[in-house]
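Worksheet for the structure shown next.
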Amino acid sequence: MIDEVRRARVAVAVVFCVHGAVTGSFATRVPWIQDHAGVSPGQLGLALAFPALGAAIAMPLAARVSHRFGSRTAQRGLLALWTLALILPSLAPNLIALCGALFVYGATAGMADVVMNAIGVEVEHRMAKSIMSGLHGMWSVGALIGSGIGTVAAHLDINAQLHHLVMAAVLTVLGAIACQFVLNLHPTEDEEAPPHFALPPKSALLIGAVGFCAVFAEGASLDWSAVYLEDVLTTSAGVAAGATTGFALTMAVARLFGDAVVDRFGAVRTVRVSGAIATLGGVLVVLAPHPAVAMAGFGLLGLGIAVVVPLAFAAAGKAGPNPSQAIAGVATVTYASGLVAPSIIGGIAQASSLTLSFIVVTVLATGLALFAPVLAPRRSSRTAADPA
């Protein structure tokens with residue numbers, strides 16, 4: 001039994017890594033996709049709203065798919081749909097096709113994300129120790145690997161269609177192998193199908209707002225860091241993609257070591273310092289006179305926001321009379337933030353400039369430090385974790 005759970009932990013860690021690799025692979029080639037589809041920054045922002053729409057519609061279905069087929073079959077199928085969806089955006093020849101491709105991209109991302117987090121929480125419960133931060137660290141490692149490969153591909157001026165086709169094939173195979181060993185959870189005979197949506201109680205609204213700020217900065221940085229360096233600081237595609245890689249790297253390191261930091265300094269102090277670091281990173285991005293300064297700024301943004309969302313979920317589980325409802329509601333808020341952020345950034349860029357867009361990100365980062373006290377523990381509860 002112990003070996004089975006340990007094997008399941010490794011398997012779900014690989015699933016998280018594969019999921020992150022898809023995101024990293026896409027993010028580094030956004031400038032190529034923008035040029036290929038012939039869309040302006042504002043139109044790109046509009047297109048990047050469609051993953052949010054797809055996820056909002058599809059995410060509630062994930063729990064029902066898992067309820068109907070079991071977690072292993074659901075994870076295998078949904079993860080394969082997500083990895084294969086990576087191919088679609090680079091094929092889009094115009095705005096309408098890009099919007100449709102990103103709708104599918106977001107829908108499959110959200111559904112696979114919901115199931116893998118549910119499996120991870122169950123593994124954590126059976127092991128009777130915290131593992132979710134490490135699992136999300138593996139998601140960041142995957143994003144780092146994907147963005148690193150994407151950086152090389154962009155530097156070599158490799159066609160993004162070929163790049164994404166190869167990555168999708170490799171990641172689909174890896175995901176299918178890993179899913180063979182994840183926990184196979186089935187509902188009991190008298191268990192009702194899960195509800196479509198859970199609103200957070202009032203006690204969790206401020207916690208959700210903190211998570212919103214962190215994930216907004218994450219979504220903005222992942223999808224717009226490369227574009228920022230190209231358009232604002234006129235760098236090459238290869239150098240610009242390196243900003244996304246730096247962001248993913250600092251997030252991965254911080255998440256992998258985040259549990260030890262929180263255990264030593266506590267959630268409130270950790271988030272205060274994290275917010276200050278993220279704010280400094282935003283200031284460097286906005287004021288950067290040179291690409292290296294902006295890249296350092298994106299790195300600090302990644303370092304500053306990395307552990308905030310896991311701590312927000314832990315706090316949600318300790319707030320109010322119904323922890324599961326609070327966690328589900330905060331999950332919806334934070335995930336939606338990451339998917340909506342890129343389109344908001346694009347809208348601001350179209351109306352004004354990308355620099356103003358990242359001023360908004362910087363202001364939200366200061367909110368992490370100011371509102372950190374809402375994450376103070378109120379009662380004992382098992383910690384849940386954020387969506388990747």
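Each chain in the structure tokens gets a letter, A, B and so on, in the order shown; residues start at 1 in every chain, and ligands are counted from 1 in the order they appear.
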
Please identify all polymer residues within 8 Å of region 82-87 of chain A, counting only C-alpha atoms, omitting same-chain residues fewer than 6 positions from it, and present them as a list in words.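 Counting only the stated atoms, we get His19, Val22, Phe26, Ala101, Val104, Tyr105, Thr108, Ala109, Ala112, Gln161, His164, Leu165, Ala168, Ala169, Leu171 and Thr172 of chain A.
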
Export, as a PDB file, in the first residue's frame, the selected residues with N, CA, C and O atoms.
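This is the output file again04.pdb:
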ATOM      1  N   HIS A  19       1.895  19.030 -17.600  1.00  0.00           N
ATOM      2  CA  HIS A  19       0.934  20.133 -17.728  1.00  0.00           C
ATOM      3  C   HIS A  19       1.670  21.470 -17.809  1.00  0.00           C
ATOM      4  O   HIS A  19       1.362  22.319 -18.654  1.00  0.00           O
ATOM      5  N   VAL A  22       3.428  22.203 -21.244  1.00  0.00           N
ATOM      6  CA  VAL A  22       2.570  22.712 -22.306  1.00  0.00           C
ATOM      7  C   VAL A  22       2.466  24.235 -22.204  1.00  0.00           C
ATOM      8  O   VAL A  22       2.611  24.960 -23.196  1.00  0.00           O
ATOM      9  N   PHE A  26       3.909  27.024 -24.981  1.00  0.00           N
ATOM     10  CA  PHE A  26       3.050  28.015 -25.630  1.00  0.00           C
ATOM     11  C   PHE A  26       3.543  29.439 -25.369  1.00  0.00           C
ATOM     12  O   PHE A  26       3.629  30.262 -26.283  1.00  0.00           O
ATOM     13  N   ALA A 101      -8.974  28.368 -31.399  1.00  0.00           N
ATOM     14  CA  ALA A 101      -7.903  27.486 -30.926  1.00  0.00           C
ATOM     15  C   ALA A 101      -7.644  27.699 -29.442  1.00  0.00           C
ATOM     16  O   ALA A 101      -7.459  26.736 -28.682  1.00  0.00           O
ATOM     17  N   VAL A 104     -10.322  26.119 -27.101  1.00  0.00           N
ATOM     18  CA  VAL A 104     -10.070  24.695 -26.863  1.00  0.00           C
ATOM     19  C   VAL A 104      -8.877  24.524 -25.926  1.00  0.00           C
ATOM     20  O   VAL A 104      -8.885  23.680 -25.016  1.00  0.00           O
ATOM     21  N   TYR A 105      -7.844  25.316 -26.153  1.00  0.00           N
ATOM     22  CA  TYR A 105      -6.638  25.287 -25.311  1.00  0.00           C
ATOM     23  C   TYR A 105      -6.999  25.519 -23.844  1.00  0.00           C
ATOM     24  O   TYR A 105      -6.569  24.779 -22.949  1.00  0.00           O
ATOM     25  N   THR A 108      -9.362  22.535 -22.292  1.00  0.00           N
ATOM     26  CA  THR A 108      -8.638  21.305 -21.956  1.00  0.00           C
ATOM     27  C   THR A 108      -7.662  21.534 -20.811  1.00  0.00           C
ATOM     28  O   THR A 108      -7.467  20.655 -19.962  1.00  0.00           O
ATOM     29  N   ALA A 109      -7.059  22.719 -20.755  1.00  0.00           N
ATOM     30  CA  ALA A 109      -6.146  23.043 -19.653  1.00  0.00           C
ATOM     31  C   ALA A 109      -6.862  22.996 -18.315  1.00  0.00           C
ATOM     32  O   ALA A 109      -6.390  22.395 -17.341  1.00  0.00           O
ATOM     33  N   ALA A 112      -8.044  19.291 -17.254  1.00  0.00           N
ATOM     34  CA  ALA A 112      -6.921  18.456 -16.814  1.00  0.00           C
ATOM     35  C   ALA A 112      -6.383  18.937 -15.477  1.00  0.00           C
ATOM     36  O   ALA A 112      -6.005  18.136 -14.610  1.00  0.00           O
ATOM     37  N   GLN A 161       4.986  25.938 -35.495  1.00  0.00           N
ATOM     38  CA  GLN A 161       4.112  24.810 -35.802  1.00  0.00           C
ATOM     39  C   GLN A 161       4.852  23.487 -35.646  1.00  0.00           C
ATOM     40  O   GLN A 161       4.346  22.537 -35.048  1.00  0.00           O
ATOM     41  N   HIS A 164       5.748  22.988 -31.816  1.00  0.00           N
ATOM     42  CA  HIS A 164       4.625  22.562 -30.992  1.00  0.00           C
ATOM     43  C   HIS A 164       4.133  21.168 -31.367  1.00  0.00           C
ATOM     44  O   HIS A 164       3.639  20.420 -30.499  1.00  0.00           O
ATOM     45  N   LEU A 165       4.258  20.786 -32.613  1.00  0.00           N
ATOM     46  CA  LEU A 165       3.875  19.435 -33.014  1.00  0.00           C
ATOM     47  C   LEU A 165       4.759  18.401 -32.324  1.00  0.00           C
ATOM     48  O   LEU A 165       4.269  17.393 -31.783  1.00  0.00           O
ATOM     49  N   ALA A 168       4.050  18.416 -28.504  1.00  0.00           N
ATOM     50  CA  ALA A 168       2.766  17.784 -28.201  1.00  0.00           C
ATOM     51  C   ALA A 168       2.881  16.265 -28.259  1.00  0.00           C
ATOM     52  O   ALA A 168       2.335  15.549 -27.405  1.00  0.00           O
ATOM     53  N   ALA A 169       3.588  15.756 -29.244  1.00  0.00           N
ATOM     54  CA  ALA A 169       3.748  14.306 -29.383  1.00  0.00           C
ATOM     55  C   ALA A 169       4.501  13.724 -28.189  1.00  0.00           C
ATOM     56  O   ALA A 169       4.087  12.709 -27.596  1.00  0.00           O
ATOM     57  N   LEU A 171       4.988  15.066 -25.147  1.00  0.00           N
ATOM     58  CA  LEU A 171       4.278  15.252 -23.882  1.00  0.00           C
ATOM     59  C   LEU A 171       3.056  14.346 -23.774  1.00  0.00           C
ATOM     60  O   LEU A 171       2.706  13.889 -22.674  1.00  0.00           O
ATOM     61  N   THR A 172       2.404  14.067 -24.900  1.00  0.00           N
ATOM     62  CA  THR A 172       1.254  13.157 -24.870  1.00  0.00           C
ATOM     63  C   THR A 172       1.684  11.758 -24.453  1.00  0.00           C
ATOM     64  O   THR A 172       1.013  11.105 -23.640  1.00  0.00           O
TER      65      THR A 172
END

Report the closest atom pair, with its distance in Å rounded to one decimal, for each residue of region 37-151 of chain A that has an atom no farther than 12 Å from region 302-310 of chain A; count only C-alpha atoms, sort by chain and then rising residue number, and write it as JSON lines.
{"residue": "A:Asn117", "atom": "CA", "partner": "A:Pro310", "partner_atom": "CA", "distance": 11.9}
{"residue": "A:Ser130", "atom": "CA", "partner": "A:Pro310", "partner_atom": "CA", "distance": 11.2}
{"residue": "A:Ile131", "atom": "CA", "partner": "A:Pro310", "partner_atom": "CA", "distance": 11.1}
{"residue": "A:Met132", "atom": "CA", "partner": "A:Pro310", "partner_atom": "CA", "distance": 8.1}
{"residue": "A:Ser133", "atom": "CA", "partner": "A:Pro310", "partner_atom": "CA", "distance": 6.8}
{"residue": "A:Gly134", "atom": "CA", "partner": "A:Pro310", "partner_atom": "CA", "distance": 10.5}
{"residue": "A:Leu135", "atom": "CA", "partner": "A:Pro310", "partner_atom": "CA", "distance": 10.8}
{"residue": "A:His136", "atom": "CA", "partner": "A:Pro310", "partner_atom": "CA", "distance": 8.6}
{"residue": "A:Gly137", "atom": "CA", "partner": "A:Ala306", "partner_atom": "CA", "distance": 8.8}
{"residue": "A:Trp139", "atom": "CA", "partner": "A:Ala306", "partner_atom": "CA", "distance": 11.4}
{"residue": "A:Ser140", "atom": "CA", "partner": "A:Ala306", "partner_atom": "CA", "distance": 9.2}
{"residue": "A:Leu144", "atom": "CA", "partner": "A:Gly302", "partner_atom": "CA", "distance": 11.5}

Excluding same-chain residues fewer than 3 positions from Gly242 (chain A), what lies within 10 Å of it counting only C-alpha atoms, as a list in words? Thr28, Ser147, Gly148, Gly150, Thr151, Val152, Ala154, His155, Ser225, Ala226, Leu229, Ala237, Gly238, Val239, Thr245, Gly246, Phe247, Ala248, Ala292 and Met295 of chain A

Saved selection, atoms kept: all heavy atoms, as a tab-separated table (two decimals), in the first residue's frame:
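Result file part_12.tsv:
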chain	number	residue	atom	x	y	z
A	28	THR	N	6.39	30.92	-24.71
A	28	THR	CA	7.57	31.46	-25.37
A	28	THR	C	7.36	31.73	-26.86
A	28	THR	O	8.13	32.47	-27.47
A	28	THR	CB	8.76	30.49	-25.24
A	28	THR	OG1	8.35	29.18	-25.64
A	28	THR	CG2	9.26	30.44	-23.81
A	147	SER	N	9.53	26.25	-21.54
A	147	SER	CA	9.96	27.58	-21.97
A	147	SER	C	11.43	27.58	-22.39
A	147	SER	O	11.83	28.32	-23.29
A	147	SER	CB	9.72	28.61	-20.86
A	147	SER	OG	10.50	28.32	-19.72
A	148	GLY	N	12.24	26.73	-21.74
A	148	GLY	CA	13.64	26.63	-22.14
A	148	GLY	C	13.78	26.10	-23.55
A	148	GLY	O	14.56	26.63	-24.36
A	150	GLY	N	11.45	26.23	-25.76
A	150	GLY	CA	10.88	27.27	-26.62
A	150	GLY	C	11.85	28.41	-26.89
A	150	GLY	O	11.88	28.97	-27.98
A	151	THR	N	12.64	28.76	-25.87
A	151	THR	CA	13.64	29.81	-26.04
A	151	THR	C	14.66	29.42	-27.10
A	151	THR	O	15.03	30.22	-27.97
A	151	THR	CB	14.36	30.10	-24.71
A	151	THR	OG1	13.40	30.56	-23.76
A	151	THR	CG2	15.45	31.14	-24.87
A	152	VAL	N	15.12	28.16	-27.03
A	152	VAL	CA	16.08	27.67	-28.02
A	152	VAL	C	15.44	27.66	-29.41
A	152	VAL	O	16.06	28.09	-30.41
A	152	VAL	CB	16.59	26.27	-27.64
A	152	VAL	CG1	17.46	25.69	-28.75
A	152	VAL	CG2	17.37	26.32	-26.33
A	154	ALA	N	12.98	29.51	-30.51
A	154	ALA	CA	12.81	30.88	-31.00
A	154	ALA	C	14.15	31.46	-31.44
A	154	ALA	O	14.24	32.15	-32.46
A	154	ALA	CB	12.19	31.75	-29.91
A	155	HIS	N	15.21	31.18	-30.68
A	155	HIS	CA	16.54	31.69	-31.02
A	155	HIS	C	17.01	31.13	-32.36
A	155	HIS	O	17.67	31.84	-33.14
A	155	HIS	CB	17.52	31.33	-29.91
A	155	HIS	CG	18.91	31.87	-30.13
A	155	HIS	ND1	19.21	33.21	-30.00
A	155	HIS	CD2	20.06	31.25	-30.49
A	155	HIS	CE1	20.49	33.39	-30.26
A	155	HIS	NE2	21.03	32.23	-30.56
A	225	SER	N	5.67	38.51	-21.14
A	225	SER	CA	7.06	38.90	-20.89
A	225	SER	C	7.88	38.93	-22.18
A	225	SER	O	8.65	39.89	-22.42
A	225	SER	CB	7.71	37.95	-19.87
A	225	SER	OG	7.59	36.60	-20.29
A	226	ALA	N	7.72	37.91	-23.01
A	226	ALA	CA	8.48	37.88	-24.28
A	226	ALA	C	8.04	39.01	-25.20
A	226	ALA	O	8.87	39.69	-25.84
A	226	ALA	CB	8.31	36.53	-24.96
A	229	LEU	N	9.56	42.39	-24.01
A	229	LEU	CA	10.95	42.65	-24.39
A	229	LEU	C	11.08	42.95	-25.88
A	229	LEU	O	11.90	43.79	-26.27
A	229	LEU	CB	11.83	41.47	-24.00
A	229	LEU	CG	12.57	41.66	-22.66
A	229	LEU	CD1	11.61	41.56	-21.49
A	229	LEU	CD2	13.72	40.68	-22.51
A	237	ALA	N	13.89	37.75	-30.81
A	237	ALA	CA	12.93	36.76	-30.31
A	237	ALA	C	13.58	35.81	-29.31
A	237	ALA	O	12.97	35.43	-28.31
A	237	ALA	CB	12.36	35.96	-31.48
A	238	GLY	N	14.83	35.44	-29.56
A	238	GLY	CA	15.52	34.53	-28.65
A	238	GLY	C	15.76	35.14	-27.28
A	238	GLY	O	15.53	34.50	-26.25
A	239	VAL	N	16.22	36.39	-27.24
A	239	VAL	CA	16.44	37.07	-25.97
A	239	VAL	C	15.12	37.30	-25.25
A	239	VAL	O	15.00	37.11	-24.03
A	239	VAL	CB	17.17	38.41	-26.19
A	239	VAL	CG1	17.24	39.21	-24.89
A	239	VAL	CG2	18.58	38.16	-26.73
A	245	THR	N	11.59	32.29	-19.61
A	245	THR	CA	12.34	31.22	-18.97
A	245	THR	C	12.82	31.64	-17.58
A	245	THR	O	12.74	30.87	-16.62
A	245	THR	CB	13.55	30.83	-19.84
A	245	THR	OG1	13.09	30.42	-21.12
A	245	THR	CG2	14.34	29.69	-19.19
A	246	GLY	N	13.33	32.87	-17.46
A	246	GLY	CA	13.78	33.36	-16.16
A	246	GLY	C	12.64	33.43	-15.15
A	246	GLY	O	12.80	33.07	-13.98
A	247	PHE	N	11.48	33.86	-15.61
A	247	PHE	CA	10.31	33.92	-14.74
A	247	PHE	C	9.95	32.52	-14.25
A	247	PHE	O	9.72	32.29	-13.07
A	247	PHE	CB	9.15	34.55	-15.51
A	247	PHE	CG	7.85	34.57	-14.74
A	247	PHE	CD1	7.59	35.58	-13.83
A	247	PHE	CD2	6.90	33.59	-14.95
A	247	PHE	CE1	6.40	35.61	-13.12
A	247	PHE	CE2	5.70	33.61	-14.26
A	247	PHE	CZ	5.45	34.62	-13.34
A	248	ALA	N	9.90	31.56	-15.18
A	248	ALA	CA	9.55	30.19	-14.82
A	248	ALA	C	10.59	29.58	-13.88
A	248	ALA	O	10.25	28.82	-12.97
A	248	ALA	CB	9.41	29.34	-16.07
A	292	ALA	N	18.34	43.30	-19.96
A	292	ALA	CA	18.79	42.51	-18.82
A	292	ALA	C	18.08	42.92	-17.54
A	292	ALA	O	17.78	42.09	-16.67
A	292	ALA	CB	20.31	42.66	-18.65
A	295	MET	N	14.57	41.48	-17.63
A	295	MET	CA	14.62	40.04	-17.38
A	295	MET	C	14.81	39.77	-15.89
A	295	MET	O	14.18	38.86	-15.34
A	295	MET	CB	15.73	39.41	-18.20
A	295	MET	CG	15.47	39.45	-19.70
A	295	MET	SD	16.84	38.84	-20.71
A	295	MET	CE	16.74	37.08	-20.39

Quick one: residues within 8 Å of Ile207 (chain A), only C-alpha atoms counted, chain neighbours fewer than 5 positions away excluded, as number ranges by chain? A: 312, 315-316, 330, 374-375

Could you list, as a PyMOL selection string, every residue within 7 Å of Val286 (chain A), counting only C-alpha atoms and ignoring same-chain residues fewer than 4 positions away? chain A and resi 282+355+358-359

Just the selected residues (C-alpha atoms), exported as a short mmCIF file (atom, residue, chain, number, x, y, z; two decimals), in the first residue's frame, please.
data_model
loop_
_atom_site.label_atom_id
_atom_site.label_comp_id
_atom_site.auth_asym_id
_atom_site.auth_seq_id
_atom_site.Cartn_x
_atom_site.Cartn_y
_atom_site.Cartn_z
CA GLY A 282 7.50 45.00 -11.35
CA THR A 355 4.47 49.65 -19.85
CA PHE A 358 2.87 46.22 -16.08
CA ILE A 359 2.34 49.23 -13.86
#

If we count only C-alpha atoms, what is near Leu53 (chain A) at a cut-off of 8 Å, once residues fewer than 5 positions away on the same chain are taken out, given as number ranges by chain? A: 103, 106-107

Fewer than 2 positions away in the same chain doesn't count, so skip those; otherwise give me all residues within 10 Å of Val14 (chain A), counting only C-alpha atoms, as a PyMOL selection string. chain A and resi 8-12+16-20+135+138-139+142+174-175+177-179+182

Within 6 Å of region 360-370 of chain A, which residues of region 233-304 of chain A show up? Give each one with its shortest atom-to-atom distance in Å (one decimal) and the two atoms involved, counting only C-alpha atoms, rows by chain then rising residue number, as JSON lines.
{"residue": "A:Arg272", "atom": "CA", "partner": "A:Ala369", "partner_atom": "CA", "distance": 4.0}
{"residue": "A:Gly275", "atom": "CA", "partner": "A:Ala369", "partner_atom": "CA", "distance": 4.5}
{"residue": "A:Ala278", "atom": "CA", "partner": "A:Ala365", "partner_atom": "CA", "distance": 5.8}
{"residue": "A:Thr279", "atom": "CA", "partner": "A:Ala365", "partner_atom": "CA", "distance": 5.2}
{"residue": "A:Gly282", "atom": "CA", "partner": "A:Thr362", "partner_atom": "CA", "distance": 4.7}

Per DSSP on the backbone, what are the alpha helix (DSSP H) residues of region 152-287 of chain A, as number ranges by chain? A: 152-155, 160-179, 205-231, 237-265, 267-287

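Nearest-residue note for Ala214 (chain A): choosing from A:Gln34, A:Asn184, A:Ser337, A:Thr23, the minimum distance belongs to A:Ser337, counting only C-alpha atoms.
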
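The space separating CA of Ser71 (chain A) from CA of Leu185 (chain A) comes to 5.1 Å.
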
If you measure from CA of Ala21 (chain A) to CA of Ala260 (chain A), what distance in Å do you get, rounded to one decimal?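 Between CA of Ala21 (chain A) and CA of Ala260 (chain A) the gap is 25.1 Å.
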
Looking at A:Ala376, A:Ala349, A:Val121, A:Leu81, which one is nearest to Ala220 (chain A), with distances taken over only C-alpha atoms?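 Smallest distance to Ala220 (chain A) is found for A:Ala349.
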